[in-house]
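Asker: Quick one, query-v5.txt (compact mmCIF, C-alpha atoms):
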```txt
# COMPACT_ATOMS: atom_id res chain seq x y z
CA MET T 154 -19.05 -36.80 1.46
CA GLU T 155 -20.53 -35.42 4.68
CA VAL T 156 -22.78 -32.41 5.29
CA VAL T 157 -21.27 -30.55 8.24
CA GLU T 158 -23.58 -27.55 8.32
CA GLU T 159 -26.68 -26.53 6.40
CA HIS T 160 -28.54 -23.23 6.53
CA VAL T 161 -31.68 -22.19 4.65
CA ASN T 162 -31.62 -18.60 3.42
CA SER T 163 -35.24 -17.94 2.51
CA LEU T 164 -34.59 -14.33 1.50
CA LEU T 165 -32.25 -15.40 -1.33
CA HIS T 166 -34.11 -18.69 -1.99
CA ARG T 167 -31.10 -20.90 -1.39
CA ARG T 168 -29.52 -23.42 0.95
CA GLU T 169 -25.99 -22.72 2.09
CA ALA T 170 -24.08 -25.83 3.08
CA LYS T 171 -20.62 -26.79 4.27
CA LEU T 172 -19.49 -30.18 3.03
CA VAL T 173 -16.48 -32.32 3.84
CA VAL T 174 -15.32 -34.30 0.82
CA HIS T 175 -12.86 -37.13 1.57
CA HIS T 176 -10.22 -37.74 -1.10
CA GLN T 177 -7.85 -40.35 0.36
CA GLY T 178 -4.75 -40.80 -1.81
CA GLN T 179 -5.88 -38.23 -4.41
CA GLY T 180 -5.56 -34.48 -4.89
CA THR T 181 -8.14 -31.93 -3.86
CA PRO T 182 -11.30 -32.42 -5.96
CA ASP T 183 -12.05 -29.70 -8.49
CA ARG T 184 -15.18 -27.56 -8.38
CA ILE T 185 -16.96 -29.54 -11.08
CA THR T 186 -16.62 -32.80 -9.10
CA VAL T 187 -17.86 -31.16 -5.88
CA ARG T 188 -20.69 -29.52 -7.82
CA LYS T 189 -21.84 -32.91 -9.17
CA LEU T 190 -21.63 -34.52 -5.72
CA ALA T 191 -23.68 -31.69 -4.18
CA SER T 192 -26.31 -31.72 -6.95
CA ASP T 193 -26.76 -35.50 -6.47
CA HIS T 194 -26.98 -35.14 -2.69
CA PHE T 195 -29.44 -32.20 -2.70
CA LYS T 196 -31.34 -33.51 -5.78
CA ALA T 197 -30.95 -30.26 -7.74
CA GLY T 198 -29.74 -29.45 -11.24
CA LEU T 199 -26.15 -28.43 -11.96
CA ASP T 200 -27.32 -24.94 -12.93
CA GLN T 201 -28.73 -24.48 -9.39
CA VAL T 202 -25.56 -25.52 -7.48
CA TYR T 203 -22.51 -23.27 -7.10
CA VAL T 204 -19.32 -23.99 -5.17
CA ARG T 205 -18.06 -20.90 -3.35
CA SER T 206 -14.80 -22.31 -1.98
CA ILE T 207 -12.77 -25.46 -1.47
CA ALA T 208 -10.12 -25.61 1.27
CA THR T 209 -7.78 -28.47 2.10
CA ARG T 210 -5.12 -28.46 4.80
CA THR T 211 -1.61 -29.25 3.63
CA GLY T 212 -1.18 -33.01 3.48
CA GLY T 213 -4.82 -33.54 4.45
CA SER T 214 -7.19 -36.04 2.87
CA SER T 215 -10.45 -34.10 3.25
CA ALA T 216 -11.62 -30.80 1.80
CA LEU T 217 -14.06 -28.35 3.36
CA CYS T 218 -16.36 -27.00 0.64
CA VAL T 219 -18.87 -24.16 0.83
CA VAL T 220 -21.78 -24.78 -1.55
CA GLU T 221 -24.90 -22.76 -2.41
CA VAL T 222 -27.98 -24.62 -3.74
CA TYR T 223 -30.66 -22.39 -5.26
CA GLU T 224 -34.37 -23.33 -5.44
CA ASP T 225 -34.67 -22.53 -9.15
CA LYS T 226 -32.61 -21.24 -12.03
CA LYS T 227 -34.11 -17.74 -11.83
CA SER T 228 -33.07 -17.22 -8.19
CA ALA T 229 -29.51 -18.27 -9.16
CA ASP T 230 -29.15 -15.08 -11.23
CA ILE T 231 -27.81 -13.24 -8.16
CA VAL T 232 -24.62 -15.32 -8.21
CA PRO T 233 -21.69 -13.09 -9.26
CA ALA T 234 -20.28 -13.70 -12.74
CA TYR T 235 -16.84 -14.65 -11.43
CA ILE T 236 -18.34 -17.46 -9.30
CA LYS T 237 -20.32 -18.73 -12.29
CA ASN T 238 -17.15 -18.61 -14.37
CA ARG T 239 -15.18 -20.59 -11.76
CA ASN T 240 -17.83 -23.32 -11.69
CA LEU T 241 -17.57 -23.98 -15.45
CA PRO T 242 -15.21 -26.57 -16.96
CA LYS T 243 -11.82 -25.08 -17.90
CA ASP T 244 -12.48 -25.22 -21.64
CA GLN T 245 -15.73 -23.21 -21.26
CA ARG T 246 -14.41 -20.49 -18.94
CA VAL T 247 -14.27 -16.90 -20.10
CA SER T 248 -10.83 -15.52 -19.44
CA LYS T 249 -10.15 -11.86 -19.03
CA GLN T 250 -7.65 -10.88 -21.64
CA LYS T 251 -5.77 -7.66 -21.50
CA LYS T 252 -6.83 -5.14 -24.04
CA GLU T 253 -4.46 -4.92 -26.91
CA VAL T 254 -2.65 -1.65 -26.82
CA GLU T 255 -2.60 0.07 -30.16
CA PRO T 256 0.86 1.30 -31.07
CA ARG T 257 1.07 5.05 -30.76
CA PRO T 258 2.70 7.09 -33.45
CA ALA T 259 6.14 8.35 -32.53
CA ALA T 260 6.26 11.84 -31.11
CA PRO T 261 7.41 14.45 -33.60
CA ALA T 262 10.94 15.68 -33.16
CA PRO T 263 11.20 19.04 -31.38
CA LYS T 264 11.74 21.94 -33.70
CA PRO T 265 15.02 23.80 -33.21
CA LYS T 266 14.48 27.42 -32.23
CA PRO T 267 16.33 30.15 -34.07
CA ALA T 268 19.14 31.85 -32.11
CA ALA T 269 17.30 35.20 -32.06
CA GLU T 270 14.33 33.77 -30.13
CA LYS T 271 16.37 32.13 -27.37
CA LYS T 272 16.16 33.87 -24.01
CA GLU T 273 18.89 33.84 -21.44
CA PRO T 274 17.89 32.31 -18.10
CA ASN T 275 18.75 35.53 -16.22
CA GLN T 276 16.17 37.51 -18.19
CA HIS T 277 13.23 35.29 -17.24
CA PRO T 278 11.07 37.42 -14.88
CA GLN T 279 9.27 34.53 -13.18
CA LYS T 280 12.46 32.80 -12.08
CA LYS T 281 13.84 36.04 -10.62
CA GLN T 282 10.73 36.48 -8.51
CA ASN T 283 11.02 32.92 -7.17
CA LEU T 284 14.69 33.26 -6.21
CA LEU T 285 14.53 36.63 -4.48
CA PRO T 286 12.30 35.63 -1.50
CA GLU T 287 14.60 32.70 -0.73
CA LYS T 288 17.68 34.93 -0.61
CA ARG T 289 16.18 37.69 1.55
CA PRO T 290 16.29 35.90 4.95
CA SER T 291 19.92 34.91 4.50
CA LEU T 292 20.85 38.48 3.53
CA ARG T 293 19.05 39.84 6.57
CA LEU T 294 20.92 37.45 8.88
CA ALA T 295 24.26 38.34 7.30
CA ARG T 296 23.60 42.05 7.83
CA LYS T 297 22.77 41.50 11.51
CA ARG T 298 25.91 39.45 12.00
CA ASN T 299 28.03 42.18 10.38
CA GLN T 300 26.39 44.88 12.52
CA ARG T 301 27.20 42.98 15.72
CA LEU T 302 30.82 42.58 14.69
CA GLU T 303 31.10 46.29 13.82
CA LYS T 304 29.75 47.44 17.21
CA ASN T 305 32.26 45.59 19.43
CA PRO T 306 35.01 43.90 17.47
CA ASN T 307 36.94 43.01 20.71
CA GLN T 308 34.00 41.35 22.41
CA PRO T 309 34.19 37.54 22.29
CA ARG T 310 31.55 35.75 20.27
CA LYS T 311 28.68 34.01 21.99
CA PRO T 312 29.30 30.23 22.11
CA SER T 313 27.05 28.03 19.99
CA PRO T 314 24.58 25.61 21.66
CA SER T 315 26.86 22.65 20.97
CA GLN T 316 29.81 24.48 22.53
CA ARG T 317 27.68 25.24 25.61
CA ARG T 318 26.68 21.58 25.91
CA ASN T 319 30.31 20.49 25.71
CA ARG T 320 31.31 22.95 28.45
CA ALA T 321 28.50 21.80 30.73
CA SER T 322 29.42 18.14 30.39
CA HIS T 323 33.12 18.77 31.05
CA VAL T 324 33.90 18.17 34.73
CA SER T 325 37.30 19.03 36.15
CA LEU T 326 38.71 17.06 39.09
CA GLU T 327 40.99 19.94 40.15
CA PRO T 328 39.50 22.77 42.24
CA GLU T 329 39.15 26.08 40.46
CA ILE T 330 41.00 29.02 41.95
CA GLY T 331 39.31 32.34 42.37
CA LYS T 332 35.71 31.14 42.45
CA ALA T 333 33.58 31.77 45.53
CA GLY T 334 32.33 28.21 45.88
CA SER T 335 35.73 26.53 45.41
CA VAL T 336 37.43 27.79 48.61
CA PRO T 337 36.94 25.40 51.57
CA ARG T 338 35.56 27.01 54.72
CA ASP T 339 36.99 26.37 58.18
```
Would you mind writing the file out in structure tokens?

Answerer:
Amino acid sequence: MEVVEEHVNSLLHRREAKLVVHHQGQGTPDRITVRKLASDHFKAGLDQVYVRSIATRTGGSSALCVVEVYEDKKSADIVPAYIKNRNLPKDQRVSKQKKEVEPRPAAPAPKPKPAAEKKEPNQHPQKKQNLLPEKRPSLRLARKRNQRLEKNPNQPRKPSPSQRRNRASHVSLEPEIGKAGSVPRD
């Protein structure tokens, strides 16, 4: 084991250290093993040493560990509960279990309504109010269209925008007869 970096945090009464633990031919050491190595190296009790993280590169034989060593047990109270839980042996860890869901009673069956109480959908006043504003613009447009057709039934209809685009992109190779710009000047 090597100490790569060590920092004293006097505000939190702890030493923060980065360790490299060599594990040639073995798997990555667990937190309990690293915790024991760090407590022996820093001469502190196990309740004062907490391993924050252990990282090993794939196929590597050394792990980079971040360890916090507190001055006393009281100053170690600021360690979050999940970190304390991770640093315990597996048989002592507190696992979060999902709350058991109590079975709910089945919903009562809907009561059939007598035929006299049923309302027809056309008689519902709220639905009529919601449908009328949506229909009004289309009725207005239809009336305008009909008025235009009644004024001049022989007049050709105005081409749609897509029809205008198609006309503009169409280029004829033959000269047009009767247009002012198509007659060659001498």

Asker: Would you mind telling me which residue in T:Lys297, T:Arg184, T:Pro261, T:Asp200 lies nearest to T:Val222 when using only C-alpha atoms?

Answerer: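 Checking each of T:Lys297, T:Arg184, T:Pro261, T:Asp200 against T:Val222, counting only C-alpha atoms, the winner is T:Asp200.
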
Asker: Name the residues in contact with stretch 207-210 of chain T at a cut-off of 9 Å, using all atoms listed in the file, excluding same-chain residues fewer than 3 positions from it; report them as number ranges by chain.

Answerer: T: 181-184, 187, 204, 213-219

Asker: In terms of the shortest atom-to-atom distance over all atoms listed in the file, which of T:Gly212, T:Arg239, T:Pro265, T:Val232 is closest to T:Gly178?

Answerer: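 So, comparing all the options, the nearest one is T:Gly212.
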
Asker: Tell me, as a PDB file with C-alpha atoms, in the coordinates of the input, which residues lie within 7 Å of T:Glu155, counting all atoms listed in the file; anything in the same chain fewer than 6 positions away does not count.

Answerer:
```pdb
ATOM      1  CA  LEU T 172     -19.490 -30.180   3.030  1.00  0.00           C
ATOM      2  CA  VAL T 173     -16.480 -32.320   3.840  1.00  0.00           C
ATOM      3  CA  VAL T 174     -15.320 -34.300   0.820  1.00  0.00           C
TER       4      VAL T 174
END
```

Asker: T:Leu164: which residues within 12 Å, counting only C-alpha atoms, same-chain residues fewer than 2 positions away excluded, as a count of residues only?

Answerer: 10

Asker: Let me make sure I understand: among T:Gln177, T:Pro242, T:Ile236, T:Arg298, which one has the smallest atom-to-atom distance to T:Lys311 if we use all atoms listed in the file?

Answerer: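 Of the candidates, the smallest distance to T:Lys311 is held by T:Arg298.
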
Asker: Applying 12 Å and all atoms listed in the file, which residues near T:Asn240 remain after dropping the ones on its own chain fewer than 2 positions away? List them as a VMD selection string.

Answerer: chain T and resid 183 to 189 199 to 207 220 to 221 232 to 238 242 to 247

Asker: Hey, can you check how far atom CA of T:Glu158 sits from atom CA of T:Lys171?

Answerer: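 If I compute the distance from atom CA of T:Glu158 to atom CA of T:Lys171, I get 5.1 Å.
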
Asker: Atom CA of T:Arg310 and atom CA of T:Arg293 are how many Å apart?

Answerer: 19.0 Å
